[in-house]
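Enquirer: Handing over final.csv, CSV, C-alpha atoms.
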chain,number,residue,atom,x,y,z
A,11,MET,CA,114.3,118.6,93.9
A,12,LYS,CA,111.0,118.6,95.7
A,13,SER,CA,109.7,121.8,93.9
A,14,ALA,CA,110.0,119.9,90.6
A,15,ILE,CA,107.6,117.2,91.6
A,16,THR,CA,104.6,117.2,89.2
A,17,ILE,CA,101.2,117.4,90.9
A,18,LYS,CA,99.0,114.7,89.5
A,19,SER,CA,95.4,115.2,88.4
A,20,ILE,CA,92.8,114.3,90.9
A,21,ARG,CA,90.4,112.9,88.4
A,22,ILE,CA,89.1,109.5,89.4
A,23,PRO,CA,88.4,106.8,86.7
A,24,ILE,CA,84.7,106.2,86.3
A,25,THR,CA,85.0,102.5,87.4
A,26,ARG,CA,86.7,103.5,90.6
A,27,ALA,CA,84.2,106.3,91.3
A,28,ILE,CA,81.3,103.8,90.9
A,29,ALA,CA,83.1,101.4,93.3
A,30,LEU,CA,83.6,104.1,95.9
A,31,LEU,CA,79.9,105.1,95.5
A,32,LEU,CA,78.7,101.6,96.0
A,33,LEU,CA,81.0,101.2,99.1
A,34,LEU,CA,79.6,104.5,100.5
A,35,VAL,CA,76.1,103.2,100.0
A,36,LEU,CA,76.9,100.0,101.8
A,37,VAL,CA,78.5,101.9,104.7
A,38,VAL,CA,75.5,104.2,105.0
A,39,PHE,CA,72.9,101.5,104.9
A,40,GLY,CA,75.0,99.4,107.3
A,41,ALA,CA,75.4,102.2,109.8
A,42,VAL,CA,71.9,103.8,109.8
A,43,PRO,CA,70.1,100.9,111.5
A,44,GLY,CA,72.7,100.9,114.3
A,45,TYR,CA,72.5,104.7,114.6
A,46,LEU,CA,68.7,104.6,114.9
A,47,LYS,CA,69.0,101.9,117.7
A,48,GLY,CA,71.7,103.9,119.5
A,49,LYS,CA,74.4,101.3,118.6
A,50,PHE,CA,77.4,102.8,117.0
A,51,SER,CA,79.4,100.1,115.2
A,52,TRP,CA,82.4,102.4,114.9
A,53,ALA,CA,82.7,102.6,118.7
A,54,GLN,CA,83.1,98.8,118.8
A,55,LEU,CA,85.6,98.1,116.0
A,56,PRO,CA,86.6,94.5,115.6
A,57,ASN,CA,90.3,93.8,116.4
A,58,MET,CA,92.9,93.4,113.8
A,59,ALA,CA,93.8,89.7,113.3
A,60,HIS,CA,97.3,88.6,114.4
A,61,LEU,CA,98.2,92.0,115.8
A,62,SER,CA,100.6,90.6,118.4
A,63,GLN,CA,102.5,88.8,115.7
A,64,ILE,CA,102.6,91.9,113.5
A,65,LYS,CA,104.0,94.0,116.4
A,66,LYS,CA,106.8,91.4,117.0
A,67,VAL,CA,108.7,92.9,114.1
A,68,LEU,CA,109.7,95.7,116.4
A,69,THR,CA,111.9,93.3,118.3
A,70,THR,CA,112.6,90.5,115.8
A,71,GLY,CA,112.6,92.4,112.5
A,72,LEU,CA,111.6,90.6,109.3
A,73,GLU,CA,113.5,87.8,107.7
A,74,ILE,CA,114.1,88.3,103.9
A,75,PRO,CA,115.2,85.2,102.0
A,76,GLY,CA,118.7,85.6,100.5
A,77,TRP,CA,119.5,88.6,102.8
A,78,GLN,CA,121.3,88.5,106.1
A,79,MET,CA,120.0,90.7,108.9
A,80,LYS,CA,123.2,92.5,110.1
A,81,ASP,CA,121.4,94.6,112.8
A,82,GLN,CA,117.9,95.2,114.1
A,83,LYS,CA,116.6,97.6,116.7
A,84,LYS,CA,113.7,99.9,117.6
A,85,VAL,CA,114.0,103.5,116.7
A,86,GLU,CA,111.6,106.4,117.2
A,87,ILE,CA,110.5,108.4,114.2
A,88,GLY,CA,107.8,111.0,114.5
A,89,GLY,CA,107.0,109.9,118.1
A,90,ARG,CA,106.3,106.3,116.9
A,91,LYS,CA,108.3,103.1,117.3
A,92,TRP,CA,109.8,101.6,114.1
A,93,SER,CA,111.8,98.5,113.4
A,94,TYR,CA,115.2,99.5,111.9
A,95,GLN,CA,117.2,96.7,110.3
A,96,LEU,CA,120.2,96.4,108.1
A,97,LEU,CA,120.2,93.8,105.3
A,98,GLU,CA,123.3,92.5,103.7
A,99,GLY,CA,123.0,90.9,100.3
A,100,SER,CA,123.8,91.9,96.7
A,101,THR,CA,124.6,95.5,97.4
A,102,ARG,CA,128.0,96.9,98.5
A,103,LYS,CA,126.5,98.6,101.5
A,104,PRO,CA,123.6,97.3,103.6
A,105,VAL,CA,120.0,98.1,102.7
A,106,VAL,CA,117.9,99.8,105.4
A,107,LEU,CA,114.5,98.4,106.0
A,108,LEU,CA,112.1,100.4,108.2
A,109,LEU,CA,108.8,98.8,109.4
A,110,LEU,CA,106.0,100.4,111.4
A,111,PRO,CA,103.3,98.2,112.7
A,112,PRO,CA,100.0,99.5,114.1
A,113,GLY,CA,100.2,100.2,117.8
A,114,ASP,CA,96.8,98.8,118.4
A,115,SER,CA,93.6,98.0,116.5
A,116,LYS,CA,92.6,101.6,116.4
A,117,SER,CA,95.9,102.7,114.8
A,118,GLN,CA,95.7,104.0,111.2
A,119,PRO,CA,98.3,105.0,108.7
A,120,GLN,CA,98.9,108.8,109.0
A,121,VAL,CA,101.9,110.9,108.0
A,122,GLU,CA,104.7,108.3,108.1
A,123,TRP,CA,106.5,109.6,105.0
A,124,VAL,CA,106.5,113.1,106.3
A,125,ASP,CA,107.9,111.9,109.6
A,126,ILE,CA,110.7,110.1,107.8
A,127,ASP,CA,111.6,113.2,105.6
A,128,SER,CA,111.6,115.4,108.7
A,129,THR,CA,113.8,113.0,110.7
A,130,LEU,CA,116.4,112.1,108.0
A,131,ARG,CA,116.5,115.6,106.6
A,132,TRP,CA,117.3,114.3,103.1
A,133,GLN,CA,116.8,116.0,99.7
A,134,THR,CA,114.6,114.1,97.2
A,135,ASP,CA,113.7,114.1,93.5
A,136,SER,CA,112.8,111.8,90.6
A,137,TYR,CA,109.5,110.7,92.1
A,138,THR,CA,107.8,107.8,90.3
A,139,LYS,CA,105.9,104.6,91.1
A,140,ILE,CA,106.7,100.9,90.9
A,141,LYS,CA,104.1,98.2,90.7
A,142,PHE,CA,104.4,94.5,91.3
A,143,LYS,CA,102.3,91.4,92.1
A,144,VAL,CA,102.8,88.7,94.6
A,145,GLU,CA,101.4,85.5,93.1
A,146,PRO,CA,100.4,82.3,95.0
A,147,SER,CA,103.5,80.7,93.4
A,148,ASP,CA,105.6,83.3,95.1
A,149,LEU,CA,104.1,82.4,98.4
A,150,SER,CA,104.8,78.7,98.0
A,151,LEU,CA,108.5,79.5,97.5
A,152,GLN,CA,108.6,80.4,101.2
A,153,LYS,CA,108.3,76.6,102.0
A,154,LYS,CA,105.2,77.1,104.2
A,155,SER,CA,102.1,75.0,103.6
A,156,ALA,CA,99.6,76.2,106.2
A,157,PRO,CA,96.1,76.4,104.6
A,158,GLU,CA,95.9,80.2,105.3
A,159,ILE,CA,99.0,80.7,103.3
A,160,THR,CA,98.4,78.3,100.4
A,161,ASN,CA,94.9,79.7,99.9
A,162,LEU,CA,95.9,83.4,99.8
A,163,PRO,CA,95.0,85.4,96.7
A,164,GLN,CA,97.5,87.4,94.7
A,165,ALA,CA,98.4,90.8,96.0
A,166,GLU,CA,98.8,93.9,93.8
A,167,VAL,CA,101.1,96.5,95.2
A,168,GLU,CA,101.9,100.0,94.1
A,169,ALA,CA,104.8,101.8,95.9
A,170,ARG,CA,106.3,105.3,95.5
A,171,PHE,CA,109.9,105.3,94.3
A,172,PHE,CA,112.3,108.2,94.5
A,173,ARG,CA,115.9,109.2,95.0
A,174,ALA,CA,117.1,110.7,98.3
A,175,TRP,CA,120.4,112.0,99.4
A,176,THR,CA,122.4,113.6,102.3
A,177,GLN,CA,126.0,114.7,102.5
A,178,ASP,CA,126.9,111.1,103.4
A,179,GLN,CA,125.0,109.0,100.8
A,180,THR,CA,122.4,108.6,98.1
A,181,VAL,CA,119.7,106.0,98.3
A,182,ALA,CA,116.8,104.7,96.2
A,183,VAL,CA,113.7,104.8,98.4
A,184,VAL,CA,110.6,102.5,98.2
A,185,GLN,CA,107.6,103.3,100.4
A,186,TRP,CA,104.2,101.7,100.7
A,187,TYR,CA,101.6,100.6,103.2
A,188,ALA,CA,101.4,96.8,103.0
A,189,TRP,CA,98.4,94.6,103.9
A,190,LEU,CA,97.5,91.0,103.2
A,191,GLU,CA,95.9,91.5,99.8
A,192,GLY,CA,97.9,94.5,98.5
A,193,GLY,CA,99.7,97.7,99.2
A,194,ASP,CA,99.7,101.4,98.3
A,195,PRO,CA,101.7,104.5,99.3
A,196,HIS,CA,98.4,106.4,100.0
A,197,HIS,CA,96.8,105.7,103.4
A,198,SER,CA,93.3,106.5,101.9
A,199,ASN,CA,93.4,103.3,99.9
A,200,TRP,CA,94.0,101.3,103.0
A,201,PHE,CA,91.2,103.1,104.7
A,202,TRP,CA,88.7,102.1,102.0
A,203,ALA,CA,89.9,98.5,102.1
A,204,ASP,CA,89.4,98.5,105.9
A,205,GLN,CA,86.0,100.1,105.6
A,206,SER,CA,84.9,97.3,103.2
A,207,ALA,CA,86.3,94.7,105.6
A,208,GLN,CA,84.4,96.2,108.6
A,209,LEU,CA,81.1,95.4,106.8
A,210,GLN,CA,82.1,91.7,107.4
A,211,ARG,CA,83.2,92.5,111.0
A,212,GLN,CA,86.8,92.2,110.0
A,213,ARG,CA,89.8,94.5,109.8
A,214,VAL,CA,92.7,95.1,107.5
A,215,ALA,CA,96.0,94.9,109.4
A,216,TRP,CA,98.8,97.0,107.9
A,217,MET,CA,102.5,97.7,108.0
A,218,ALA,CA,104.3,100.9,106.8
A,219,VAL,CA,107.4,99.9,104.8
A,220,CYS,CA,110.4,102.1,103.8
A,221,LEU,CA,113.3,100.6,101.9
A,222,GLN,CA,116.5,102.5,101.4
A,223,ILE,CA,118.8,101.0,98.8
A,224,PRO,CA,122.4,102.4,98.5
A,225,MET,CA,123.3,104.1,95.2
A,226,GLU,CA,126.2,105.8,93.6
A,227,PRO,CA,126.3,109.5,94.7
A,228,LEU,CA,123.5,111.1,92.8
A,229,GLY,CA,123.3,108.0,90.6
A,230,ASP,CA,120.6,107.2,88.0
A,231,LEU,CA,117.4,106.0,89.8
A,232,LYS,CA,116.5,103.7,86.9
A,233,ALA,CA,119.6,101.7,87.5
A,234,ALA,CA,118.3,100.8,91.0
A,235,GLN,CA,114.8,100.0,89.9
A,236,PRO,CA,115.2,96.2,89.2
A,237,LEU,CA,116.7,95.6,92.6
A,238,ALA,CA,114.1,97.9,94.3
A,239,GLU,CA,111.2,96.0,92.7
A,240,SER,CA,112.7,92.6,93.6
A,241,LEU,CA,113.4,93.5,97.2
A,242,ALA,CA,110.1,95.2,97.7
A,243,LYS,CA,108.3,92.1,96.4
A,244,MET,CA,110.4,90.0,98.9
A,245,VAL,CA,109.3,92.2,101.8
A,246,GLN,CA,105.6,92.1,100.8
A,247,THR,CA,105.8,88.3,100.4
A,248,ALA,CA,107.5,87.9,103.8
A,249,LEU,CA,104.8,89.9,105.5
A,250,MET,CA,102.0,87.9,103.8
A,251,VAL,CA,103.4,84.5,104.8
A,252,GLY,CA,104.5,85.7,108.2
A,253,PRO,CA,103.0,88.4,110.5
A,254,PHE,CA,99.9,89.0,108.4
A,255,VAL,CA,98.8,85.4,108.9
A,256,GLY,CA,100.1,84.9,112.4
A,257,ALA,CA,103.2,82.9,111.4
Is it possible to express this structure as structure tokens?
Expert:
Amino acid sequence: MKSAITIKSIRIPITRAIALLLLLVLVVFGAVPGYLKGKFSWAQLPNMAHLSQIKKVLTTGLEIPGWQMKDQKKVEIGGRKWSYQLLEGSTRKPVVLLLLPPGDSKSQPQVEWVDIDSTLRWQTDSYTKIKFKVEPSDLSLQKKSAPEITNLPQAEVEARFFRAWTQDQTVAVVQWYAWLEGGDPHHSNWFWADQSAQLQRQRVAWMAVCLQIPMEPLGDLKAAQPLAESLAKMVQTALMVGPFVGA
């Protein structure tokens, strides 16, 4: 149950603390000259690359190799438009894939997971994390050879993973904010990646992802983990070779 979730320590590893401090110094020194001249860089943010292609998922969904898109439509969750699609593959019941693109270049990840909890009114427990990498070899399997795809670095992704249920069904849930070079369930990590990109007059486009994989009623979450990791990696890869590079 939710009350049983362990609150993690907020201690930050020394290497990460140093990296954050250096980034803060860069941001300050980059912003001060503009501030003194009356030019505020944050008032003129660069646009997110390929935003129009990223937003197309609201009407087209996202193709996942080996899975058939049974249904796709726009739904409203927390006052924002999501892509809702049903994927048929190796599970007895369809997998639900929810995708939220940024509405515009100023949009940031916010409280998407809270919005989903509130809308679906499910009970949750067994919170943990899954991690995976998308290697260049994974990208090449998509049979696309554009330079912007073949030259992509590997992406390291961490997602939150838990069990959720209602009176009707039990699902294994995977949630993370995806971007071209990685992913994380905490919007603060996207924020720091975006701040670093802005120093180069670039932006980090993102997509909120929520996978719901059918399970046996109140089944063991560990049994669903291999499929959850595999499918999450497929989604991240499809975003990296598709919307995130304008394909």
Enquirer: Could you work out how far CA of Phe171 (chain A) lies from CA of Val183 (chain A), giving the answer in Å with one decimal?
Expert: 5.6 Å
Enquirer: Against region 208-224 of chain A, which residues of region 52-103 of chain A fall within 9 Å? For each one I want the closest pair of atoms and the distance in Å (one decimal), counting all atoms listed in the file, rows by chain and increasing residue number, as CSV.
Expert:
residue,atom,partner,partner_atom,distance
A:Leu55,CA,A:Gln208,CA,7.7
A:Pro56,CA,A:Gln212,CA,6.1
A:Asn57,CA,A:Arg213,CA,6.7
A:Met58,CA,A:Arg213,CA,5.2
A:Ala59,CA,A:Ala215,CA,6.9
A:His60,CA,A:Ala215,CA,8.1
A:Leu61,CA,A:Ala215,CA,7.4
A:Ile64,CA,A:Met217,CA,8.0
A:Thr101,CA,A:Pro224,CA,7.3
A:Arg102,CA,A:Pro224,CA,7.8
A:Lys103,CA,A:Pro224,CA,6.3
Enquirer: Under the rule that all atoms listed in the file are counted, which of A:Thr138, A:Tyr94, A:Ser117, A:Ser147 is the nearest residue to Phe201 (chain A)?
Expert: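 Ranking A:Thr138, A:Tyr94, A:Ser117, A:Ser147 by distance to Phe201 (chain A), first place goes to A:Ser117.
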Enquirer: Between A:Asp230, A:Asp81, A:Asp204, A:Asp127, which is the closest to Val106 (chain A) once you count all atoms listed in the file?
Expert: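 Of all the options, A:Asp81 lies closest to Val106 (chain A).
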Enquirer: Separation of CA of Ile74 (chain A) and CA of Ala248 (chain A), in Å?
Expert: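 Going from CA of Ile74 (chain A) over to CA of Ala248 (chain A), I get 6.6 Å.
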Enquirer: One number please: CA of Ile87 (chain A) to CA of Ser128 (chain A), in Å, one decimal.
Expert: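 Distance reported for this atom pair: 9.0 Å.
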Enquirer: Would you mind writing region 91-106 of chain A with N, CA and C atoms, as a PDB file, keeping the file's coordinate frame?
Expert:
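What ended up in part02.pdb:
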ATOM      1  N   LYS A  91     107.269 104.085 117.283  1.00  0.00           N
ATOM      2  CA  LYS A  91     108.300 103.100 117.300  1.00  0.00           C
ATOM      3  C   LYS A  91     108.359 102.332 115.955  1.00  0.00           C
ATOM      4  N   TRP A  92     109.522 102.323 115.315  1.00  0.00           N
ATOM      5  CA  TRP A  92     109.800 101.600 114.100  1.00  0.00           C
ATOM      6  C   TRP A  92     110.792 100.501 114.314  1.00  0.00           C
ATOM      7  N   SER A  93     110.734  99.464 113.484  1.00  0.00           N
ATOM      8  CA  SER A  93     111.800  98.500 113.400  1.00  0.00           C
ATOM      9  C   SER A  93     112.814  98.986 112.383  1.00  0.00           C
ATOM     10  N   TYR A  94     114.079  99.075 112.800  1.00  0.00           N
ATOM     11  CA  TYR A  94     115.200  99.500 111.900  1.00  0.00           C
ATOM     12  C   TYR A  94     116.079  98.278 111.742  1.00  0.00           C
ATOM     13  N   GLN A  95     116.270  97.836 110.507  1.00  0.00           N
ATOM     14  CA  GLN A  95     117.200  96.700 110.300  1.00  0.00           C
ATOM     15  C   GLN A  95     118.064  96.937 109.086  1.00  0.00           C
ATOM     16  N   LEU A  96     119.267  96.388 109.172  1.00  0.00           N
ATOM     17  CA  LEU A  96     120.200  96.400 108.100  1.00  0.00           C
ATOM     18  C   LEU A  96     120.281  95.075 107.424  1.00  0.00           C
ATOM     19  N   LEU A  97     120.150  95.052 106.096  1.00  0.00           N
ATOM     20  CA  LEU A  97     120.200  93.800 105.300  1.00  0.00           C
ATOM     21  C   LEU A  97     121.381  93.760 104.441  1.00  0.00           C
ATOM     22  N   GLU A  98     122.128  92.688 104.545  1.00  0.00           N
ATOM     23  CA  GLU A  98     123.300  92.500 103.700  1.00  0.00           C
ATOM     24  C   GLU A  98     122.969  91.463 102.621  1.00  0.00           C
ATOM     25  N   GLY A  99     123.283  91.806 101.369  1.00  0.00           N
ATOM     26  CA  GLY A  99     123.000  90.900 100.300  1.00  0.00           C
ATOM     27  C   GLY A  99     123.824  91.226  99.057  1.00  0.00           C
ATOM     28  N   SER A 100     123.139  91.630  97.998  1.00  0.00           N
ATOM     29  CA  SER A 100     123.800  91.900  96.700  1.00  0.00           C
ATOM     30  C   SER A 100     124.331  93.289  96.542  1.00  0.00           C
ATOM     31  N   THR A 101     124.175  94.141  97.539  1.00  0.00           N
ATOM     32  CA  THR A 101     124.600  95.500  97.400  1.00  0.00           C
ATOM     33  C   THR A 101     125.949  95.691  98.214  1.00  0.00           C
ATOM     34  N   ARG A 102     126.755  96.673  97.795  1.00  0.00           N
ATOM     35  CA  ARG A 102     128.000  96.900  98.500  1.00  0.00           C
ATOM     36  C   ARG A 102     127.840  97.370  99.905  1.00  0.00           C
ATOM     37  N   LYS A 103     126.822  98.174 100.122  1.00  0.00           N
ATOM     38  CA  LYS A 103     126.500  98.600 101.500  1.00  0.00           C
ATOM     39  C   LYS A 103     125.147  98.064 101.873  1.00  0.00           C
ATOM     40  N   PRO A 104     124.884  97.930 103.176  1.00  0.00           N
ATOM     41  CA  PRO A 104     123.600  97.300 103.600  1.00  0.00           C
ATOM     42  C   PRO A 104     122.407  98.171 103.204  1.00  0.00           C
ATOM     43  N   VAL A 105     121.322  97.469 102.982  1.00  0.00           N
ATOM     44  CA  VAL A 105     120.000  98.100 102.700  1.00  0.00           C
ATOM     45  C   VAL A 105     119.338  98.332 104.055  1.00  0.00           C
ATOM     46  N   VAL A 106     118.702  99.484 104.193  1.00  0.00           N
ATOM     47  CA  VAL A 106     117.900  99.800 105.400  1.00  0.00           C
ATOM     48  C   VAL A 106     116.472  99.452 105.160  1.00  0.00           C
TER      49      VAL A 106
END
